[in-house]
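Engineer: Sharing a structure below in structure tokens format, with a few things to ask.
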Amino acid sequence: MAEKITKRDINYSEWYNDLVIQSGLAENSAVRGCMVIKPHGWAIWENMKSILDKKFKDTGHVNASFPLLIPKSFLEQEEGHAEGFAKECAVVTHYRLKTHPDKKGKLIVDPESRLEEELIIRPTSETIIWNCYRGWIQSYRDLPILINQWANVMRWEMRTRLFLRTAEFHWQEGHTAHATQEEAVEETLKMLDVYADFMENYMAVPVIKGVKTANERFAGALDTYCVEAMMQDGKALQAGTSHFLGQNFAKAFDVKFLNKEGKLEYAWATSWGVSTRMMGALIMAHSDDDGLVIPPRLAPLHVVIVPIFKNAEQLAAITEKADAIIKELKALNIIVKFDDSDTAKPGWKFAEYELKGVPVRVAMGMRDVENNTVEIARRDTKEKTTVANENLGAYIQDLLEKIQQNMYDKALAFRTANTFVIDTWDAFTAQIEKGGFIYAHWDGTSETEDKIKELTKATIRCIPMDGVEEAGTCVYSGKPSNKRVLFARAY
């Protein structure tokens, strides 16, 4: 199976596409730029959703659902928002098709079915949600509103790649309203921390938290905060964003409230979201030429037990031993599968579960039954160990935690080894061709930012939040700078 996957060092892009398809995560659909997420891929996404959903609720948020279709006039009410999304909008203009009069069965648009107002398939939901908030918010007592929505959205991308950039994708979008600027900023940063915690402690992907430059902000935001991760080819991937929207949307939709002093004031807003793009990050941060490597805390299946037998009598003896192990593992909330199918040989099964990224594989033959042992293989390092059955559940539980930590440590070590502090333009242009993260000074102007992107295809991924004041000169213009920013080529 792994022979169908292009090697990473030959063509990283093809490796990624091959792996997504061959491992059964997703495939392209009949609709240009849209994908079918298959059961294995959806199971991982469901695990991501359930963990994040609990984190959102633990921080006081509730879920709701808003319409898929947004009146075009809503999008136009916030100027920056409209300009930012105009080229990506899919527009519904008619509500009916009809059969051509010649009765050849050709479907054509009924000219009488044109909508009075065109509708936008949501690229994001700020506008329709803030139109609702206008009716929900009258007083400071109605605030804060802390709402999240799990949904699919549409952005008409011209160049697509499974999970990383598709016309339709799944995500969550939080939309909150607050009485003060301070509360809104606190919310923005709180949700950024939620994302960073999830990515590091569940996805095993180290991230850098930062604020976007004005060029890279979300359309309609005053500040956009992000978490940036490094993939195995040295490119950056923006894994999630949290936006401080100020009062822009409240003013656009006339959302006012009476404050404690009895004065009318516009509400303060945030929005924040992560999407199925995280699936792409998970794949590219950890996987290898033999298939997926999935962190145990997100794996749909933690352990697979593969019996090695020649006849029904041997299978019965192995099954009896396996049943006791399965019971022990399930009591520890470890998800386990016993694959006793006779449609494939053990070697094929080993390769299949390796391709799908199951963290732990247990092999059991008659010798193991006699010795009261099993052979355990780790997916992350491919190490094999013979282990006694006694206290096997605790051993595997500990091993899963070790795998989780090892995956994070490996990704962090890779990022550290491929992060560079650079002060000259020649060194910058040489290193960016090799990949990696570059910390360099920038003079703070959009003109310099645009020129660097034009010349090198590198963008300012973020202004790191843990950055320190440091006098220097811009790597391109030579003008004064007081802080380094993070440059990289990115997905």
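Residue numbering restarts at 1 in every chain; chains get A, B, ... in the order shown in the structure tokens, and ligands count up from 1 in that same order.
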Which polymer residues have any atom within 8 Å of an atom of region 115-117 of chain A, counting only C-alpha atoms, with same-chain residues fewer than 5 positions away left out, as a PyMOL selection string?

Structural biologist: chain A and resi 71-72+93-95

Engineer: Need the shell around Lys337 (chain A): protein/DNA/RNA residues with any atom at most 9 Å away, counting only C-alpha atoms. Skip same-chain ones fewer than 5 positions apart. Format as an MDAnalysis selection string?

Structural biologist: chainID A and resid 301:306 326

Engineer: Residues within 9 Å of Tyr353 (chain A), please, as a list in words. Count only C-alpha atoms; anything in the same chain fewer than 6 positions from it doesn't count.

Structural biologist: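 Selected residues are Gly291, Val304, Pro359 and Arg361 of chain A.
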
Engineer: For Tyr225 (chain A), find every residue with an atom within 8 Å (counting only C-alpha atoms), except residues of its own chain fewer than 5 positions away, and show them as a list in words.

Structural biologist: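 These residues fall inside the cut-off: Thr188, Leu189, Leu192, Lys209, Gly210, Val211, Lys212, Thr241, Ser242 and His243 of chain A.
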
Engineer: Extract the full set of strand (DSSP E or B) residues from region 220-450 of chain A according to DSSP on the backbone, and format it as a PyMOL selection string.

Structural biologist: chain A and resi 223-230+236-246+256-258+264-266+268-275+288+291+303-307+336-338+360-364+373-378+384-388+419-421+437-441

Engineer: Asn482 (chain A): which residues within 9 Å, counting only C-alpha atoms, same-chain residues fewer than 5 positions away excluded, as an MDAnalysis selection string?

Structural biologist: chainID A and resid 441:443 468:473

Engineer: Got a sec: who's within 7 Å of region 406-410 of chain A, counting only C-alpha atoms, leaving out chain neighbours fewer than 5 positions off, as a count of residues only?

Structural biologist: 3

Engineer: Using only C-alpha atoms for the distances, tell me which of A:Lys356, A:Arg489, A:Arg32, A:Lys349 is nearest to Leu162 (chain A).

Structural biologist: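 That would be A:Arg32, the residue with the smallest distance to Leu162 (chain A).
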
Engineer: So that I can see what lies close to Ala363 (chain A), please list as a ChimeraX atom specification the residues with an atom at most 12 Å from it, counting only C-alpha atoms and leaving out residues fewer than 2 positions away in the same chain.

Structural biologist: /A:303-309,318-319,321-322,337-340,346-347,349-350,360-361,365-369,373-378,384-387

Engineer: Go ahead and write the selection's residues with C-alpha atoms as a compact mmCIF listing (two decimals), in the first residue's frame.

Structural biologist:
# COMPACT_ATOMS: atom_id res chain seq x y z
CA VAL A 303 -4.94 -0.36 19.51
CA VAL A 304 -5.46 -3.08 16.93
CA ILE A 305 -4.89 -6.72 17.85
CA VAL A 306 -3.94 -8.94 14.91
CA PRO A 307 -4.05 -12.72 15.51
CA ILE A 308 -1.59 -14.92 13.62
CA PHE A 309 -3.11 -18.36 13.12
CA ILE A 318 -5.74 -16.69 20.58
CA THR A 319 -9.23 -15.18 20.80
CA LYS A 321 -6.44 -14.60 25.38
CA ALA A 322 -7.37 -11.52 23.34
CA LYS A 337 -10.17 -3.63 17.65
CA PHE A 338 -9.59 -7.37 17.28
CA ASP A 339 -9.10 -8.09 13.58
CA ASP A 340 -9.72 -11.81 13.14
CA PRO A 346 -1.36 -10.59 8.88
CA GLY A 347 1.33 -8.78 6.87
CA LYS A 349 -3.19 -6.03 7.97
CA PHE A 350 0.02 -4.67 9.51
CA VAL A 360 -0.31 0.68 18.76
CA ARG A 361 -0.42 -2.71 17.02
CA GLY A 365 0.45 -16.02 17.66
CA MET A 366 0.45 -19.45 19.27
CA ARG A 367 3.90 -18.90 20.75
CA ASP A 368 2.53 -15.79 22.46
CA VAL A 369 -0.40 -17.81 23.83
CA THR A 373 3.06 -12.55 25.88
CA VAL A 374 2.24 -10.31 22.94
CA GLU A 375 4.33 -8.38 20.40
CA ILE A 376 3.69 -4.63 20.52
CA ALA A 377 4.62 -2.25 17.68
CA ARG A 378 4.57 1.55 18.04
CA LYS A 384 8.63 -3.69 18.38
CA THR A 385 8.68 -5.15 21.88
CA THR A 386 7.62 -8.46 23.39
CA VAL A 387 5.58 -7.78 26.53
